Structure formats: structure tokens, C-alpha cells
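S.K.: I'd like to ask you about the structure that follows.
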Amino acid sequence: MVKGLVNKILPFSSVDGPGNRTAIFLQGCNFNCLYCHNPETINVCSNCGACIDDCPAKCLAMKNGAIYWDEAACKECDSCLRACNNCSSPKAKIMSVKEVLEAISAFKPFISGITISGGECMLQADFVIELCEEVKKLGLTSFIDSNGSVPFYENDRLIKAIDMVMLDVKSYDKEEHKMLTGQENEIVFKNMGYLASIDKLYEIRTVVVPDILDNERNVDLISKMLAAVNPHIRYKLIKYRPVGVRTYMIKSSVPTDEFMGKLSSIAKHNGCKEVVTV
């Protein structure tokens, strides 16, 4: 079976798609968002060893030139993540599809499906496809949480394997998107249109970041585009929060409820039938 690099598996989540779901976070991302709330998922561990001395549980060691993590001894204090200068984690594990399925089986009676996230999970598309195909055999649904940078429209096997996609549209403007993430957004919008056309787009999500992004313009233009392809697809507006972010990379305030309400009204006025603010 295909293997993937897994950052962590969250047994139960009520915020990663409908119902109670197991969320599987894969390691590695091709975006470097200024406001990234999970920067430890961006890069693969370089085995530099900088995290070893910072581990109070002494569950990290260097063995044969690579970081060894004693999972049983780990206290999940995240000291290693704070010590890392590589936006990575020494706790990411190479897992086969079979191993992930074994983990899921323990939760199967209590979940409606899985959501594969990241990092950017679509960078490990072969692993995602095989995992979703096997999960379907269990009678569970498979959702994908993606930044939209990898084409969905060129992979028929992937489309058959998955149920729905939750897609980030971080900025409408190409140059602003590049400033924010390091990458352009042409493929993101192609994915948005394609997934909507085949009824596999569960929601579009935009993070609202004061002082950094032109939020009103983004919401106005993105919501118009979404309403044009399918006004019933959920549009989720997410408050920027300085929790887990690299504060040296971004200086922004938390948007007020009043401002979020204004953005919601813009999206509804443009025809979006379901607008959620969180």
C-alpha cells in the first residue's frame, strides 16, 4: 500500500466537515501563509536536532542521523514545535494506508467520515486517493481540506474516491495572494469552478485578516464568483486569530464582530445563500 507522511490524527472533530469526523493531517505544504495557524505542518523535519534539548519529557533523541520520537513518553507539550526553526515537527510519521485504516477502525462507530487536511494533503495525492478508496469500503465519507493549489480537474480517480472538498480561497487578487502565500491563485479558481460544477464543493473559506488583506474586496468578489457557480455552496468567513501563528511574520488585529457581520452582509447581498462566520 502507498505510504504518507502524517502529522497527526485527530479522532473526533466537529469543525472539519459535517457530523463527527476523524481528521487526518498530512505533513508538508507548498504555501507559506503569513497567518498560518499550523506552521509546524509546512516542512519535513530536517533532523537538525534543535528540538531534542527542549523536550522536558526527554522523548526525542538522535538515532542514526534521524530524530527518534518516543510516542509513549510524549506529554504533547509542543516544546519541540516551539524550538523548531524549520516549520516542521519531529513527530510526523510515515504511515501506510493500512495503518491509518487501523487507527480509524477504533473510532468507526462514532464518526460519519474522515477529513484529510494538512499542510496541503493534495501534495500526497496517491496516498489520499488510496486512503479514500479504502474508507469508502467502510461506509464512511471522505472530505478533503485543501488550499486548492493542486488540480482536482486532472484526476478522475481522485474525484471518484472523494465525496466533498472544503476549499480555501485566501485572496481574490493574484498579487495579494502571492504576497500572502508565496503562490498565485489561478489553479485555486479553476478548482473552485470545476468542483462546483460536479457538486463536490462543500464550502469555500476565506480568512479575514485586518491590516494585511483587502478583506472587503476579497469577500465581495469571491462571493460573487461563488454565487455565480452555485449560490447554495457554503461560504465560511473565518476570523484571523493570533493563536499558533508566527508572530514575527504577521502583525494583525482580530476582526471585530461588527466587521465580520458587514462582510457577511456583502456575501449575502451578492447571492450566497449560506454564509457562516467563525
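Order determines the names: the first chain of the C-alpha cells is A, the second B, and so forth; residues in each chain are numbered 1 upward, and ligands are numbered 1 upward as they are shown.
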Which polymer residues have any atom within 6 Å of an atom of segment 248-254 of chain A, counting only C-alpha atoms, with same-chain residues fewer than 5 positions away left out, as JSON, numbers by chain?

M.R.: {"A": [34, 210, 211, 240, 241]}

S.K.: Kindly save the residues from that selection, with N, CA and C atoms included, as a compact mmCIF listing (two decimals), in the first residue's frame.

M.R.:
```txt
# COMPACT_ATOMS: atom_id res chain seq x y z
N LEU A 34 1.31 33.89 5.65
CA LEU A 34 1.78 34.74 6.74
C LEU A 34 1.06 34.43 8.04
N PRO A 210 -7.32 41.75 9.11
CA PRO A 210 -7.20 43.21 9.07
C PRO A 210 -5.74 43.65 8.90
N ASP A 211 -5.56 44.80 8.28
CA ASP A 211 -4.25 45.45 8.14
C ASP A 211 -3.35 44.76 7.11
N TYR A 240 -9.27 35.98 11.62
CA TYR A 240 -7.86 35.78 11.97
C TYR A 240 -7.73 35.83 13.49
N ARG A 241 -7.01 34.86 14.03
CA ARG A 241 -6.72 34.84 15.47
C ARG A 241 -5.24 34.56 15.66
```

S.K.: If you run DSSP on this backbone, which residues of segment 100-149 of chain A come out as strand (DSSP E), and could you give them as JSON, numbers by chain?

M.R.: {"A": [113, 114, 115, 116, 117, 141, 142, 143, 144, 145, 146]}

S.K.: Could you please take those selected residues and save N, CA, C and O atoms as a PDB file, in the first residue's frame?

M.R.:
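Done, and the output landed in result-v2.pdb:
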```
ATOM      1  N   GLY A 113     -17.372  10.039   8.936  1.00  0.00           N
ATOM      2  CA  GLY A 113     -16.385  10.019   7.864  1.00  0.00           C
ATOM      3  C   GLY A 113     -15.059  10.568   8.316  1.00  0.00           C
ATOM      4  O   GLY A 113     -14.837  10.831   9.504  1.00  0.00           O
ATOM      5  N   ILE A 114     -14.162  10.763   7.347  1.00  0.00           N
ATOM      6  CA  ILE A 114     -12.855  11.338   7.622  1.00  0.00           C
ATOM      7  C   ILE A 114     -12.694  12.633   6.829  1.00  0.00           C
ATOM      8  O   ILE A 114     -13.354  12.848   5.811  1.00  0.00           O
ATOM      9  N   THR A 115     -11.821  13.486   7.329  1.00  0.00           N
ATOM     10  CA  THR A 115     -11.395  14.666   6.582  1.00  0.00           C
ATOM     11  C   THR A 115      -9.880  14.652   6.533  1.00  0.00           C
ATOM     12  O   THR A 115      -9.222  14.562   7.574  1.00  0.00           O
ATOM     13  N   ILE A 116      -9.326  14.724   5.331  1.00  0.00           N
ATOM     14  CA  ILE A 116      -7.874  14.726   5.160  1.00  0.00           C
ATOM     15  C   ILE A 116      -7.435  16.160   4.933  1.00  0.00           C
ATOM     16  O   ILE A 116      -7.897  16.844   4.027  1.00  0.00           O
ATOM     17  N   SER A 117      -6.529  16.609   5.794  1.00  0.00           N
ATOM     18  CA  SER A 117      -6.108  18.002   5.808  1.00  0.00           C
ATOM     19  C   SER A 117      -4.582  18.067   5.790  1.00  0.00           C
ATOM     20  O   SER A 117      -3.916  17.140   5.370  1.00  0.00           O
ATOM     21  N   THR A 141     -17.656   8.591   4.658  1.00  0.00           N
ATOM     22  CA  THR A 141     -17.390   9.604   3.645  1.00  0.00           C
ATOM     23  C   THR A 141     -15.981  10.157   3.797  1.00  0.00           C
ATOM     24  O   THR A 141     -15.390  10.127   4.875  1.00  0.00           O
ATOM     25  N   SER A 142     -15.453  10.682   2.700  1.00  0.00           N
ATOM     26  CA  SER A 142     -14.114  11.265   2.684  1.00  0.00           C
ATOM     27  C   SER A 142     -14.184  12.703   2.184  1.00  0.00           C
ATOM     28  O   SER A 142     -14.594  12.947   1.049  1.00  0.00           O
ATOM     29  N   PHE A 143     -13.794  13.633   3.039  1.00  0.00           N
ATOM     30  CA  PHE A 143     -13.720  15.042   2.676  1.00  0.00           C
ATOM     31  C   PHE A 143     -12.257  15.452   2.581  1.00  0.00           C
ATOM     32  O   PHE A 143     -11.410  14.930   3.303  1.00  0.00           O
ATOM     33  N   ILE A 144     -11.987  16.405   1.693  1.00  0.00           N
ATOM     34  CA  ILE A 144     -10.642  16.939   1.517  1.00  0.00           C
ATOM     35  C   ILE A 144     -10.636  18.416   1.912  1.00  0.00           C
ATOM     36  O   ILE A 144     -11.498  19.181   1.479  1.00  0.00           O
ATOM     37  N   ASP A 145      -9.665  18.786   2.725  1.00  0.00           N
ATOM     38  CA  ASP A 145      -9.449  20.170   3.129  1.00  0.00           C
ATOM     39  C   ASP A 145      -8.204  20.648   2.389  1.00  0.00           C
ATOM     40  O   ASP A 145      -7.099  20.168   2.651  1.00  0.00           O
ATOM     41  N   SER A 146      -8.369  21.580   1.437  1.00  0.00           N
ATOM     42  CA  SER A 146      -7.271  21.908   0.518  1.00  0.00           C
ATOM     43  C   SER A 146      -7.111  23.406   0.302  1.00  0.00           C
ATOM     44  O   SER A 146      -8.076  24.165   0.355  1.00  0.00           O
TER      45      SER A 146
END
```

S.K.: Just how far from atom CA of Pro242 of chain A is atom CA of His37 of chain A, in Å to one decimal?

M.R.: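 Straight-line distance from atom CA of His37 of chain A to atom CA of Pro242 of chain A works out to 8.0 Å.
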
S.K.: Could you pull out the alpha helix (DSSP H) residues of segment 210-241 of chain A, going by DSSP on the backbone, and write them as a PyMOL selection string?

M.R.: chain A and resi 215-229

S.K.: Write out as a ChimeraX atom specification which residues come within 9 Å of segment 86-99 of chain A when counting only C-alpha atoms, dropping same-chain ones fewer than 4 positions away.

M.R.: /A:1-8,26-28,38-47,51,60,67-71,80-81,103-104,127-128,130-131,134

S.K.: Residues near Gln183 of chain A, anyone? I mean within 10 Å using only C-alpha atoms, not counting same-chain ones fewer than 2 positions away, as a PDB file with all heavy atoms, in the first residue's frame.

M.R.:
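What ended up in out-v7.pdb:
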```
ATOM      1  N   ASN A  30       2.851  23.572   0.244  1.00  0.00           N
ATOM      2  CA  ASN A  30       3.522  24.414  -0.753  1.00  0.00           C
ATOM      3  C   ASN A  30       3.174  25.886  -0.596  1.00  0.00           C
ATOM      4  O   ASN A  30       3.671  26.723  -1.350  1.00  0.00           O
ATOM      5  CB  ASN A  30       3.173  23.940  -2.164  1.00  0.00           C
ATOM      6  CG  ASN A  30       1.680  23.910  -2.411  1.00  0.00           C
ATOM      7  OD1 ASN A  30       0.876  23.907  -1.480  1.00  0.00           O
ATOM      8  ND2 ASN A  30       1.292  23.866  -3.675  1.00  0.00           N
ATOM      9  N   PHE A  31       2.313  26.219   0.361  1.00  0.00           N
ATOM     10  CA  PHE A  31       2.047  27.609   0.711  1.00  0.00           C
ATOM     11  C   PHE A  31       2.820  27.941   1.989  1.00  0.00           C
ATOM     12  O   PHE A  31       3.064  27.059   2.815  1.00  0.00           O
ATOM     13  CB  PHE A  31       0.554  27.837   0.978  1.00  0.00           C
ATOM     14  CG  PHE A  31      -0.291  27.984  -0.259  1.00  0.00           C
ATOM     15  CD1 PHE A  31       0.213  27.710  -1.526  1.00  0.00           C
ATOM     16  CD2 PHE A  31      -1.614  28.386  -0.155  1.00  0.00           C
ATOM     17  CE1 PHE A  31      -0.574  27.836  -2.655  1.00  0.00           C
ATOM     18  CE2 PHE A  31      -2.414  28.518  -1.281  1.00  0.00           C
ATOM     19  CZ  PHE A  31      -1.898  28.244  -2.533  1.00  0.00           C
ATOM     20  N   ASN A  32       3.150  29.213   2.132  1.00  0.00           N
ATOM     21  CA  ASN A  32       3.787  29.691   3.359  1.00  0.00           C
ATOM     22  C   ASN A  32       3.012  30.918   3.840  1.00  0.00           C
ATOM     23  O   ASN A  32       3.506  32.032   3.830  1.00  0.00           O
ATOM     24  CB  ASN A  32       5.256  30.037   3.109  1.00  0.00           C
ATOM     25  CG  ASN A  32       6.013  30.355   4.382  1.00  0.00           C
ATOM     26  OD1 ASN A  32       5.603  29.982   5.478  1.00  0.00           O
ATOM     27  ND2 ASN A  32       7.126  31.059   4.258  1.00  0.00           N
ATOM     28  N   CYS A  33       1.758  30.679   4.232  1.00  0.00           N
ATOM     29  CA  CYS A  33       0.855  31.770   4.577  1.00  0.00           C
ATOM     30  C   CYS A  33       1.390  32.578   5.765  1.00  0.00           C
ATOM     31  O   CYS A  33       1.820  31.996   6.771  1.00  0.00           O
ATOM     32  CB  CYS A  33      -0.531  31.229   4.906  1.00  0.00           C
ATOM     33  SG  CYS A  33      -1.318  30.357   3.537  1.00  0.00           S
ATOM     34  N   SER A 149      -4.283  24.416  -4.579  1.00  0.00           N
ATOM     35  CA  SER A 149      -3.153  24.670  -5.472  1.00  0.00           C
ATOM     36  C   SER A 149      -2.829  23.507  -6.400  1.00  0.00           C
ATOM     37  O   SER A 149      -2.071  23.670  -7.356  1.00  0.00           O
ATOM     38  CB  SER A 149      -1.911  25.004  -4.639  1.00  0.00           C
ATOM     39  OG  SER A 149      -1.555  23.902  -3.810  1.00  0.00           O
ATOM     40  N   LYS A 174      -4.426  38.238  -7.506  1.00  0.00           N
ATOM     41  CA  LYS A 174      -3.282  37.352  -7.716  1.00  0.00           C
ATOM     42  C   LYS A 174      -2.046  37.815  -6.954  1.00  0.00           C
ATOM     43  O   LYS A 174      -1.358  37.011  -6.321  1.00  0.00           O
ATOM     44  CB  LYS A 174      -2.975  37.249  -9.216  1.00  0.00           C
ATOM     45  CG  LYS A 174      -1.780  36.353  -9.542  1.00  0.00           C
ATOM     46  CD  LYS A 174      -1.597  36.177 -11.039  1.00  0.00           C
ATOM     47  CE  LYS A 174      -1.183  37.467 -11.711  1.00  0.00           C
ATOM     48  NZ  LYS A 174      -0.859  37.247 -13.150  1.00  0.00           N
ATOM     49  N   GLU A 175      -1.773  39.102  -7.014  1.00  0.00           N
ATOM     50  CA  GLU A 175      -0.570  39.608  -6.364  1.00  0.00           C
ATOM     51  C   GLU A 175      -0.708  39.586  -4.838  1.00  0.00           C
ATOM     52  O   GLU A 175       0.256  39.288  -4.125  1.00  0.00           O
ATOM     53  CB  GLU A 175      -0.254  41.024  -6.854  1.00  0.00           C
ATOM     54  CG  GLU A 175       0.170  41.074  -8.305  1.00  0.00           C
ATOM     55  CD  GLU A 175       1.369  40.174  -8.606  1.00  0.00           C
ATOM     56  OE1 GLU A 175       2.299  40.168  -7.777  1.00  0.00           O
ATOM     57  OE2 GLU A 175       1.363  39.499  -9.639  1.00  0.00           O
ATOM     58  N   GLU A 176      -1.895  39.888  -4.338  1.00  0.00           N
ATOM     59  CA  GLU A 176      -2.108  39.825  -2.892  1.00  0.00           C
ATOM     60  C   GLU A 176      -1.989  38.379  -2.408  1.00  0.00           C
ATOM     61  O   GLU A 176      -1.415  38.114  -1.346  1.00  0.00           O
ATOM     62  CB  GLU A 176      -3.474  40.399  -2.519  1.00  0.00           C
ATOM     63  CG  GLU A 176      -3.708  40.455  -1.013  1.00  0.00           C
ATOM     64  CD  GLU A 176      -5.071  41.027  -0.655  1.00  0.00           C
ATOM     65  OE1 GLU A 176      -6.071  40.281  -0.769  1.00  0.00           O
ATOM     66  OE2 GLU A 176      -5.129  42.211  -0.273  1.00  0.00           O
ATOM     67  N   HIS A 177      -2.544  37.457  -3.193  1.00  0.00           N
ATOM     68  CA  HIS A 177      -2.458  36.033  -2.846  1.00  0.00           C
ATOM     69  C   HIS A 177      -0.988  35.589  -2.796  1.00  0.00           C
ATOM     70  O   HIS A 177      -0.582  34.836  -1.897  1.00  0.00           O
ATOM     71  CB  HIS A 177      -3.234  35.211  -3.868  1.00  0.00           C
ATOM     72  CG  HIS A 177      -3.437  33.782  -3.493  1.00  0.00           C
ATOM     73  ND1 HIS A 177      -2.479  32.811  -3.719  1.00  0.00           N
ATOM     74  CD2 HIS A 177      -4.487  33.138  -2.891  1.00  0.00           C
ATOM     75  CE1 HIS A 177      -2.928  31.641  -3.294  1.00  0.00           C
ATOM     76  NE2 HIS A 177      -4.131  31.814  -2.792  1.00  0.00           N
ATOM     77  N   LYS A 178      -0.211  36.058  -3.750  1.00  0.00           N
ATOM     78  CA  LYS A 178       1.210  35.702  -3.785  1.00  0.00           C
ATOM     79  C   LYS A 178       1.956  36.306  -2.603  1.00  0.00           C
ATOM     80  O   LYS A 178       2.833  35.671  -2.008  1.00  0.00           O
ATOM     81  CB  LYS A 178       1.826  36.170  -5.104  1.00  0.00           C
ATOM     82  CG  LYS A 178       3.223  35.613  -5.359  1.00  0.00           C
ATOM     83  CD  LYS A 178       3.682  35.940  -6.773  1.00  0.00           C
ATOM     84  CE  LYS A 178       5.050  35.320  -7.045  1.00  0.00           C
ATOM     85  NZ  LYS A 178       5.505  35.580  -8.438  1.00  0.00           N
ATOM     86  N   MET A 179       1.608  37.536  -2.241  1.00  0.00           N
ATOM     87  CA  MET A 179       2.208  38.162  -1.072  1.00  0.00           C
ATOM     88  C   MET A 179       1.894  37.369   0.189  1.00  0.00           C
ATOM     89  O   MET A 179       2.741  37.167   1.066  1.00  0.00           O
ATOM     90  CB  MET A 179       1.684  39.599  -0.937  1.00  0.00           C
ATOM     91  CG  MET A 179       2.130  40.361   0.310  1.00  0.00           C
ATOM     92  SD  MET A 179       1.133  40.049   1.808  1.00  0.00           S
ATOM     93  CE  MET A 179      -0.474  40.678   1.313  1.00  0.00           C
ATOM     94  N   LEU A 180       0.671  36.881   0.278  1.00  0.00           N
ATOM     95  CA  LEU A 180       0.209  36.177   1.479  1.00  0.00           C
ATOM     96  C   LEU A 180       0.753  34.763   1.577  1.00  0.00           C
ATOM     97  O   LEU A 180       1.141  34.316   2.663  1.00  0.00           O
ATOM     98  CB  LEU A 180      -1.325  36.127   1.475  1.00  0.00           C
ATOM     99  CG  LEU A 180      -1.994  35.378   2.622  1.00  0.00           C
ATOM    100  CD1 LEU A 180      -1.765  36.100   3.936  1.00  0.00           C
ATOM    101  CD2 LEU A 180      -3.477  35.196   2.348  1.00  0.00           C
ATOM    102  N   THR A 181       0.806  34.056   0.453  1.00  0.00           N
ATOM    103  CA  THR A 181       1.113  32.620   0.480  1.00  0.00           C
ATOM    104  C   THR A 181       2.423  32.227  -0.181  1.00  0.00           C
ATOM    105  O   THR A 181       2.926  31.128   0.044  1.00  0.00           O
ATOM    106  CB  THR A 181       0.004  31.833  -0.227  1.00  0.00           C
ATOM    107  OG1 THR A 181       0.065  32.091  -1.649  1.00  0.00           O
ATOM    108  CG2 THR A 181      -1.373  32.214   0.292  1.00  0.00           C
ATOM    109  N   ASN A 185      -2.908  32.195  -7.575  1.00  0.00           N
ATOM    110  CA  ASN A 185      -4.191  31.551  -7.265  1.00  0.00           C
ATOM    111  C   ASN A 185      -4.988  31.104  -8.485  1.00  0.00           C
ATOM    112  O   ASN A 185      -6.176  30.792  -8.375  1.00  0.00           O
ATOM    113  CB  ASN A 185      -5.056  32.492  -6.423  1.00  0.00           C
ATOM    114  CG  ASN A 185      -5.300  33.835  -7.092  1.00  0.00           C
ATOM    115  OD1 ASN A 185      -4.911  34.055  -8.233  1.00  0.00           O
ATOM    116  ND2 ASN A 185      -5.944  34.747  -6.370  1.00  0.00           N
ATOM    117  N   GLU A 186      -4.363  31.023  -9.653  1.00  0.00           N
ATOM    118  CA  GLU A 186      -5.097  30.644 -10.861  1.00  0.00           C
ATOM    119  C   GLU A 186      -5.708  29.249 -10.727  1.00  0.00           C
ATOM    120  O   GLU A 186      -6.882  29.030 -11.066  1.00  0.00           O
ATOM    121  CB  GLU A 186      -4.167  30.686 -12.076  1.00  0.00           C
ATOM    122  CG  GLU A 186      -4.866  30.323 -13.388  1.00  0.00           C
ATOM    123  CD  GLU A 186      -3.929  30.370 -14.586  1.00  0.00           C
ATOM    124  OE1 GLU A 186      -2.740  30.676 -14.402  1.00  0.00           O
ATOM    125  OE2 GLU A 186      -4.398  30.085 -15.701  1.00  0.00           O
TER     126      GLU A 186
END
```

S.K.: With distances taken over only C-alpha atoms, which of A:Val15, A:Ala23, A:Val188, A:Leu158 is nearest to Asp126 of chain A?

M.R.: A:Leu158
